[in-house]
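K.L.:
Pasting a structure below so you can have a look.
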Amino acid sequence: MSTAKSLKRPLVLKFGGAVLGREGGVERAAAFVARERAARPEAGLVVVVSALGSTTDRLFEEAFERFGDDEAGVAGHVQAGEEHAVRCMVAALEDLGTPVQACSPECLGLVTSGSLLDGEPESLNSSSLEAELYPAGAPPAVVVTPGFVARDRQGRPSLLGRGGSDLTALFIAHHLDAWDCLLVKDVDGIHESDPNSTQGGAPARLEEVGFGDLEAYGGEVLQAKAARFAARHRRSFALGSAERPALRTRVR
């Protein structure tokens with residue numbers, strides 16, 4: 001790989017809704033992004049955001065009541081949660097003086113096939129995203145884009161299934177040959193069992209998980225489709241919290 005290409009390998013960060021939905025969650029996430037950018041200023045940074053807190057559940061309830069079996073209508077209504085999260089993250093980063101761009105679903109160009117509510121990602125507008133990340137004559141930027149939402153081949157709104165922001169982040173990381181991808185959650189990694197369970201003692205956190213064991217161990221914290229995508233493409237990533245960065249689980 002050439003030096004020029006290496007310098008354009010971005011970092012992909014994905015923030016889950018539970019992280020962003022806490023009081024002050026967006027601001028803390030933005031501060032984390034700013035620190036990551038300062039640590040590697042030569043690399044662009046893609047920030048994938050989920051809807052805040054329980055927003056998606058509320059929007060699904062509204063959408064099914066309003067649109068019924070019209071999947072395009074449901075998907076279009078639900079994506080408002082991620083669009084709001086993008087605006088919040090961009091505003092928080094601007095407050096910190098971080099060069100940032102918002103990337104809409106049209107800019108991202110993520111195209112799906114199959115169900116409009118549980119689609120399979122097929123392609124991505126990599127050139128458009130790279131142009132936002134590496135503007136001519138300017139330092140690499142931070143680009144904030146919605147997770148979970150996309151468009152189908154006919155341009156209709158589509159979704160990647162519940163938990164689909166994980167898949168968005170990994171799909172982007174794969175197609176941009178990112179130097180790393182971190183899924184920021186409300187847990188400090190992948191555990192042997194559900195860390196929120198009240199049965200028995202706290203389960204052991206796994207330092208590393210192989211692709212072959214990912215679905216078995218990651219089911220509580222990682223979308224199954226995302227796990228299968230990572231395994232199929234050998235896309236390494238880390239999963240953990242922003243508060244305890246030394247305790248992440250590396251998947252490879």
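Naming scheme: A, B, ... for chains in displayed order of the structure tokens; residues 1 onward per chain; ligands 1 onward as shown.
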Give me, as JSON lines, each residue of stretch 110-147 of chain A that comes within 6 Å of stretch 157-175 of chain A, together with its shortest interatomic pair and the distance in Å at one decimal, counting only C-alpha atoms, with rows ordered by chain and rising residue number.
P.N.:
```
{"residue": "A:Leu116", "atom": "CA", "partner": "A:Ser158", "partner_atom": "CA", "distance": 4.4}
{"residue": "A:Leu117", "atom": "CA", "partner": "A:Leu159", "partner_atom": "CA", "distance": 4.7}
{"residue": "A:Asp118", "atom": "CA", "partner": "A:Gly161", "partner_atom": "CA", "distance": 4.0}
{"residue": "A:Gly119", "atom": "CA", "partner": "A:Leu160", "partner_atom": "CA", "distance": 4.8}
{"residue": "A:Gly147", "atom": "CA", "partner": "A:Ser165", "partner_atom": "CA", "distance": 4.1}
```
K.L.:
Next, dump the selected residues to file, keeping only C-alpha atoms, as an mmCIF file, in the first residue's frame.
P.N.:
```
data_model
loop_
_atom_site.group_PDB
_atom_site.id
_atom_site.type_symbol
_atom_site.label_atom_id
_atom_site.label_comp_id
_atom_site.auth_asym_id
_atom_site.auth_seq_id
_atom_site.Cartn_x
_atom_site.Cartn_y
_atom_site.Cartn_z
ATOM 1 C CA LEU A 116 -36.893 -1.967 3.547
ATOM 2 C CA LEU A 117 -36.901 -2.528 7.309
ATOM 3 C CA ASP A 118 -34.149 -5.154 7.478
ATOM 4 C CA GLY A 119 -32.102 -4.621 4.333
ATOM 5 C CA GLY A 147 -26.191 4.651 11.190
#
```
K.L.:
Do a neighbour search on A:His77 at 8 Å with only C-alpha atoms, toss out local chain neighbours closer than 5 positions, and write the hits as a list of chain:residue names.
P.N.:
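That gives A:Leu59, A:Phe60, A:Ala63.
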K.L.:
Pick out the residues sitting within 10 Å of A:Val78, and hand them over as a count of residues only; count only C-alpha atoms, and ignore anything fewer than 3 positions along from it in its own chain.
P.N.:
24
K.L.:
List as a PyMOL selection string the protein and nucleic acid residues near A:Pro135, meaning an atom at most 12 Å away when only C-alpha atoms are counted, but skip any in the same chain fewer than 4 places from it.
P.N.:
chain A and resi 8+43-44+99-101+127-131+139-143
K.L.:
Could you find all residues in stretch 44-231 of chain A that DSSP calls alpha helix (DSSP H) from the backbone, and write them as an mmCIF file with C-alpha atoms, in the first residue's frame?
P.N.:
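Okay, states-v3.cif is ready:
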```cif
data_model
loop_
_atom_site.group_PDB
_atom_site.id
_atom_site.type_symbol
_atom_site.label_atom_id
_atom_site.label_comp_id
_atom_site.auth_asym_id
_atom_site.auth_seq_id
_atom_site.Cartn_x
_atom_site.Cartn_y
_atom_site.Cartn_z
ATOM 1 C CA THR A 55 -36.098 7.378 20.188
ATOM 2 C CA THR A 56 -36.174 4.522 17.665
ATOM 3 C CA ASP A 57 -38.759 2.562 19.684
ATOM 4 C CA ARG A 58 -41.004 5.618 19.841
ATOM 5 C CA LEU A 59 -40.630 6.364 16.139
ATOM 6 C CA PHE A 60 -41.428 2.760 15.187
ATOM 7 C CA GLU A 61 -44.627 2.891 17.249
ATOM 8 C CA GLU A 62 -45.661 6.129 15.542
ATOM 9 C CA ALA A 63 -44.697 4.841 12.100
ATOM 10 C CA PHE A 64 -46.622 1.574 12.300
ATOM 11 C CA GLU A 65 -49.687 3.417 13.549
ATOM 12 C CA ARG A 66 -49.455 5.933 10.725
ATOM 13 C CA PHE A 67 -48.118 3.864 7.808
ATOM 14 C CA GLU A 71 -42.338 -0.189 4.703
ATOM 15 C CA ALA A 72 -41.005 2.862 2.862
ATOM 16 C CA GLY A 73 -43.205 5.121 4.968
ATOM 17 C CA VAL A 74 -42.110 3.418 8.169
ATOM 18 C CA ALA A 75 -38.425 3.602 7.240
ATOM 19 C CA GLY A 76 -38.699 7.252 6.243
ATOM 20 C CA HIS A 77 -40.348 8.152 9.548
ATOM 21 C CA VAL A 78 -37.913 6.191 11.716
ATOM 22 C CA ALA A 80 -35.641 11.019 11.701
ATOM 23 C CA GLY A 81 -34.055 9.712 14.904
ATOM 24 C CA GLU A 82 -30.647 9.280 13.303
ATOM 25 C CA GLU A 83 -30.943 12.601 11.472
ATOM 26 C CA HIS A 84 -31.521 14.343 14.812
ATOM 27 C CA ALA A 85 -28.528 12.542 16.335
ATOM 28 C CA VAL A 86 -26.324 13.754 13.462
ATOM 29 C CA ARG A 87 -27.379 17.368 14.068
ATOM 30 C CA CYS A 88 -26.693 17.064 17.792
ATOM 31 C CA MET A 89 -23.232 15.542 17.267
ATOM 32 C CA VAL A 90 -22.256 18.117 14.629
ATOM 33 C CA ALA A 91 -23.299 20.971 16.940
ATOM 34 C CA ALA A 92 -21.324 19.506 19.852
ATOM 35 C CA LEU A 93 -18.202 19.089 17.714
ATOM 36 C CA GLU A 94 -18.528 22.616 16.344
ATOM 37 C CA ASP A 95 -18.661 23.887 19.916
ATOM 38 C CA PRO A 105 -27.976 9.175 3.582
ATOM 39 C CA GLU A 106 -27.759 10.567 0.047
ATOM 40 C CA CYS A 107 -24.151 11.645 0.596
ATOM 41 C CA LEU A 108 -23.265 8.292 2.155
ATOM 42 C CA SER A 126 -16.905 5.799 -1.093
ATOM 43 C CA SER A 127 -15.658 8.626 -3.303
ATOM 44 C CA SER A 128 -18.217 11.099 -1.911
ATOM 45 C CA LEU A 129 -17.372 10.155 1.651
ATOM 46 C CA GLU A 130 -13.627 10.400 1.041
ATOM 47 C CA ALA A 131 -14.088 13.849 -0.520
ATOM 48 C CA GLU A 132 -15.773 15.012 2.692
ATOM 49 C CA LEU A 133 -13.059 13.404 4.834
ATOM 50 C CA GLY A 164 -28.055 -1.735 12.262
ATOM 51 C CA SER A 165 -25.684 1.103 13.139
ATOM 52 C CA ASP A 166 -23.101 -1.587 13.965
ATOM 53 C CA LEU A 167 -23.425 -2.845 10.408
ATOM 54 C CA THR A 168 -23.217 0.686 8.986
ATOM 55 C CA ALA A 169 -19.925 1.303 10.785
ATOM 56 C CA LEU A 170 -18.370 -2.002 9.755
ATOM 57 C CA PHE A 171 -19.558 -1.622 6.161
ATOM 58 C CA ILE A 172 -17.963 1.839 5.954
ATOM 59 C CA ALA A 173 -14.763 0.610 7.594
ATOM 60 C CA HIS A 174 -14.526 -2.248 5.120
ATOM 61 C CA HIS A 175 -15.117 -0.134 2.020
ATOM 62 C CA LEU A 214 -18.222 -13.633 17.429
ATOM 63 C CA GLU A 215 -21.888 -14.522 17.038
ATOM 64 C CA ALA A 216 -21.804 -16.817 20.050
ATOM 65 C CA TYR A 217 -20.278 -14.255 22.420
ATOM 66 C CA GLY A 218 -21.336 -10.959 20.888
ATOM 67 C CA ALA A 224 -25.966 -10.553 14.353
ATOM 68 C CA LYS A 225 -25.865 -9.286 10.770
ATOM 69 C CA ALA A 226 -22.923 -7.066 11.660
ATOM 70 C CA ALA A 227 -21.136 -10.027 13.248
ATOM 71 C CA ARG A 228 -21.640 -12.108 10.109
ATOM 72 C CA PHE A 229 -20.419 -9.262 7.894
ATOM 73 C CA ALA A 230 -17.267 -8.781 9.973
ATOM 74 C CA ALA A 231 -16.530 -12.506 9.912
#
```
K.L.:
Name the closest residue to A:Glu42 among the candidates A:Ala138, A:Val111, A:Ala150, A:Ile190; distances are taken between atoms, counting only C-alpha atoms.
P.N.:
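Using only C-alpha atoms, the shortest distance to A:Glu42 belongs to A:Ala138.
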K.L.:
Let me make sure I understand: among A:Leu176, A:Cys181, A:Cys103, A:Val26, which one has the smallest atom-to-atom distance to A:Leu124 if we use only C-alpha atoms?
P.N.:
A:Leu176
K.L.:
With a distance cut-off of 8 Å and only C-alpha atoms, select the neighbouring residues of stretch 242-250 of chain A, excluding the residue or stretch itself and same-chain residues fewer than 4 positions from it, and output the selection as a PDB file with N, CA and C atoms, in the first residue's frame.
P.N.:
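See part.pdb below for the written result:
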```pdb
ATOM      1  N   ALA A  29     -19.411  12.237  24.062  1.00  0.00           N
ATOM      2  CA  ALA A  29     -19.002  11.541  22.840  1.00  0.00           C
ATOM      3  C   ALA A  29     -18.215  12.471  21.930  1.00  0.00           C
ATOM      4  N   PHE A  32     -14.736  12.803  23.147  1.00  0.00           N
ATOM      5  CA  PHE A  32     -13.989  11.594  22.809  1.00  0.00           C
ATOM      6  C   PHE A  32     -13.528  11.644  21.351  1.00  0.00           C
ATOM      7  N   VAL A 184     -18.584   2.063  20.016  1.00  0.00           N
ATOM      8  CA  VAL A 184     -18.654   2.586  21.380  1.00  0.00           C
ATOM      9  C   VAL A 184     -20.038   2.295  21.950  1.00  0.00           C
ATOM     10  N   LYS A 185     -20.059   1.499  23.008  1.00  0.00           N
ATOM     11  CA  LYS A 185     -21.323   1.040  23.601  1.00  0.00           C
ATOM     12  C   LYS A 185     -21.372   1.425  25.070  1.00  0.00           C
ATOM     13  N   ASP A 188     -18.085  -2.322  28.548  1.00  0.00           N
ATOM     14  CA  ASP A 188     -16.651  -2.173  28.314  1.00  0.00           C
ATOM     15  C   ASP A 188     -16.057  -3.317  27.500  1.00  0.00           C
ATOM     16  N   GLY A 189     -16.882  -3.967  26.677  1.00  0.00           N
ATOM     17  CA  GLY A 189     -16.391  -5.023  25.812  1.00  0.00           C
ATOM     18  C   GLY A 189     -17.389  -6.158  25.705  1.00  0.00           C
ATOM     19  N   ILE A 190     -16.957  -7.249  25.126  1.00  0.00           N
ATOM     20  CA  ILE A 190     -17.768  -8.456  25.003  1.00  0.00           C
ATOM     21  C   ILE A 190     -17.455  -9.373  26.176  1.00  0.00           C
ATOM     22  N   ARG A 205     -14.837 -10.435  31.087  1.00  0.00           N
ATOM     23  CA  ARG A 205     -14.748  -9.721  29.820  1.00  0.00           C
ATOM     24  C   ARG A 205     -13.660 -10.364  28.982  1.00  0.00           C
ATOM     25  N   LEU A 206     -13.912 -10.495  27.695  1.00  0.00           N
ATOM     26  CA  LEU A 206     -12.979 -11.136  26.787  1.00  0.00           C
ATOM     27  C   LEU A 206     -12.057 -10.093  26.168  1.00  0.00           C
ATOM     28  N   GLU A 207     -10.757 -10.305  26.302  1.00  0.00           N
ATOM     29  CA  GLU A 207      -9.788  -9.385  25.708  1.00  0.00           C
ATOM     30  C   GLU A 207      -9.827  -9.434  24.188  1.00  0.00           C
ATOM     31  N   GLU A 208     -10.050 -10.634  23.651  1.00  0.00           N
ATOM     32  CA  GLU A 208     -10.045 -10.832  22.202  1.00  0.00           C
ATOM     33  C   GLU A 208     -11.037 -11.927  21.841  1.00  0.00           C
ATOM     34  N   VAL A 209     -11.696 -11.745  20.727  1.00  0.00           N
ATOM     35  CA  VAL A 209     -12.654 -12.721  20.218  1.00  0.00           C
ATOM     36  C   VAL A 209     -12.336 -12.971  18.753  1.00  0.00           C
ATOM     37  N   SER A 236     -11.509  -6.517  11.137  1.00  0.00           N
ATOM     38  CA  SER A 236     -11.188  -6.376  12.550  1.00  0.00           C
ATOM     39  C   SER A 236     -11.809  -5.092  13.108  1.00  0.00           C
ATOM     40  N   PHE A 237     -12.191  -5.139  14.381  1.00  0.00           N
ATOM     41  CA  PHE A 237     -12.728  -3.957  15.047  1.00  0.00           C
ATOM     42  C   PHE A 237     -12.599  -4.140  16.554  1.00  0.00           C
ATOM     43  N   ALA A 238     -12.897  -3.084  17.286  1.00  0.00           N
ATOM     44  CA  ALA A 238     -12.909  -3.136  18.741  1.00  0.00           C
ATOM     45  C   ALA A 238     -14.280  -2.716  19.238  1.00  0.00           C
TER      46      ALA A 238
END
```
K.L.:
Run DSSP on the backbone and give me the residues of stretch 132-230 of chain A it puts in strand (DSSP E or B), as a PyMOL selection string.
P.N.:
chain A and resi 142-146+149-152+157-160+180-184+191+205+208-209
K.L.:
Could you write out the selected residues, including C-alpha atoms, as a PDB file, in the first residue's frame?
P.N.:
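So the final result, stored in result.pdb, reads:
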```pdb
ATOM      1  CA  VAL A 142     -14.599  14.601  10.920  1.00  0.00           C
ATOM      2  CA  VAL A 143     -17.672  13.388   9.037  1.00  0.00           C
ATOM      3  CA  VAL A 144     -20.807  12.524  11.022  1.00  0.00           C
ATOM      4  CA  THR A 145     -23.220  10.163   9.323  1.00  0.00           C
ATOM      5  CA  PRO A 146     -26.365   8.336  10.452  1.00  0.00           C
ATOM      6  CA  VAL A 149     -30.561   4.146   7.616  1.00  0.00           C
ATOM      7  CA  ALA A 150     -29.964   3.805   3.892  1.00  0.00           C
ATOM      8  CA  ARG A 151     -31.728   3.807   0.514  1.00  0.00           C
ATOM      9  CA  ASP A 152     -32.743   0.907  -1.706  1.00  0.00           C
ATOM     10  CA  PRO A 157     -35.740   4.953   2.547  1.00  0.00           C
ATOM     11  CA  SER A 158     -34.548   1.670   4.021  1.00  0.00           C
ATOM     12  CA  LEU A 159     -33.205   0.386   7.334  1.00  0.00           C
ATOM     13  CA  LEU A 160     -30.556  -2.211   8.232  1.00  0.00           C
ATOM     14  CA  ASP A 180      -9.567   0.793  12.750  1.00  0.00           C
ATOM     15  CA  CYS A 181     -13.235   0.685  13.693  1.00  0.00           C
ATOM     16  CA  LEU A 182     -14.470   1.160  17.258  1.00  0.00           C
ATOM     17  CA  LEU A 183     -18.040   0.442  18.299  1.00  0.00           C
ATOM     18  CA  VAL A 184     -18.654   2.586  21.380  1.00  0.00           C
ATOM     19  CA  HIS A 191     -18.336 -10.725  27.999  1.00  0.00           C
ATOM     20  CA  ARG A 205     -14.748  -9.721  29.820  1.00  0.00           C
ATOM     21  CA  GLU A 208     -10.045 -10.832  22.202  1.00  0.00           C
ATOM     22  CA  VAL A 209     -12.654 -12.721  20.218  1.00  0.00           C
TER      23      VAL A 209
END
```
K.L.:
Do you have the atom CA of A:Val49-atom CA of A:Lys14 distance handy?
P.N.:
5.8 Å
K.L.:
Could you list, as a list in words, every residue within 10 Å of A:Gly25, counting only C-alpha atoms and ignoring same-chain residues fewer than 6 positions away?
P.N.:
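Contacts, with the query itself left out: Phe15, Gly17, Ala18, Val19, Ala31, Leu52, Gly53 and Met89 of chain A.
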K.L.:
Go ahead and dump the residues you just picked, N, CA and C atoms, as a PDB file, in the first residue's frame.
P.N.:
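Saved to out16.pdb:
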```
ATOM      1  N   PHE A  15     -21.242   5.385  17.759  1.00  0.00           N
ATOM      2  CA  PHE A  15     -21.782   5.616  19.090  1.00  0.00           C
ATOM      3  C   PHE A  15     -23.216   5.097  19.150  1.00  0.00           C
ATOM      4  N   GLY A  17     -27.051   4.304  20.755  1.00  0.00           N
ATOM      5  CA  GLY A  17     -28.086   5.175  21.290  1.00  0.00           C
ATOM      6  C   GLY A  17     -28.084   5.270  22.799  1.00  0.00           C
ATOM      7  N   ALA A  18     -27.715   4.183  23.490  1.00  0.00           N
ATOM      8  CA  ALA A  18     -27.674   4.217  24.948  1.00  0.00           C
ATOM      9  C   ALA A  18     -26.584   5.164  25.434  1.00  0.00           C
ATOM     10  N   VAL A  19     -25.474   5.235  24.697  1.00  0.00           N
ATOM     11  CA  VAL A  19     -24.378   6.138  25.042  1.00  0.00           C
ATOM     12  C   VAL A  19     -24.789   7.584  24.817  1.00  0.00           C
ATOM     13  N   ALA A  31     -16.384  15.008  22.831  1.00  0.00           N
ATOM     14  CA  ALA A  31     -15.056  15.197  23.426  1.00  0.00           C
ATOM     15  C   ALA A  31     -14.164  13.995  23.128  1.00  0.00           C
ATOM     16  N   LEU A  52     -30.851   8.772  19.661  1.00  0.00           N
ATOM     17  CA  LEU A  52     -30.619   8.913  21.093  1.00  0.00           C
ATOM     18  C   LEU A  52     -31.620   8.094  21.906  1.00  0.00           C
ATOM     19  N   GLY A  53     -31.091   7.327  22.870  1.00  0.00           N
ATOM     20  CA  GLY A  53     -31.937   6.625  23.832  1.00  0.00           C
ATOM     21  C   GLY A  53     -32.973   5.731  23.195  1.00  0.00           C
ATOM     22  N   MET A  89     -24.664  15.811  17.228  1.00  0.00           N
ATOM     23  CA  MET A  89     -23.232  15.542  17.267  1.00  0.00           C
ATOM     24  C   MET A  89     -22.446  16.630  16.531  1.00  0.00           C
TER      25      MET A  89
END
```
K.L.:
Here is a test: counting only C-alpha atoms, which residue of A:Gly210, A:Pro10, A:Gly155, A:Gly16 is nearest to A:Ser113?
P.N.:
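Under the stated criterion, the closest residue is A:Gly155.
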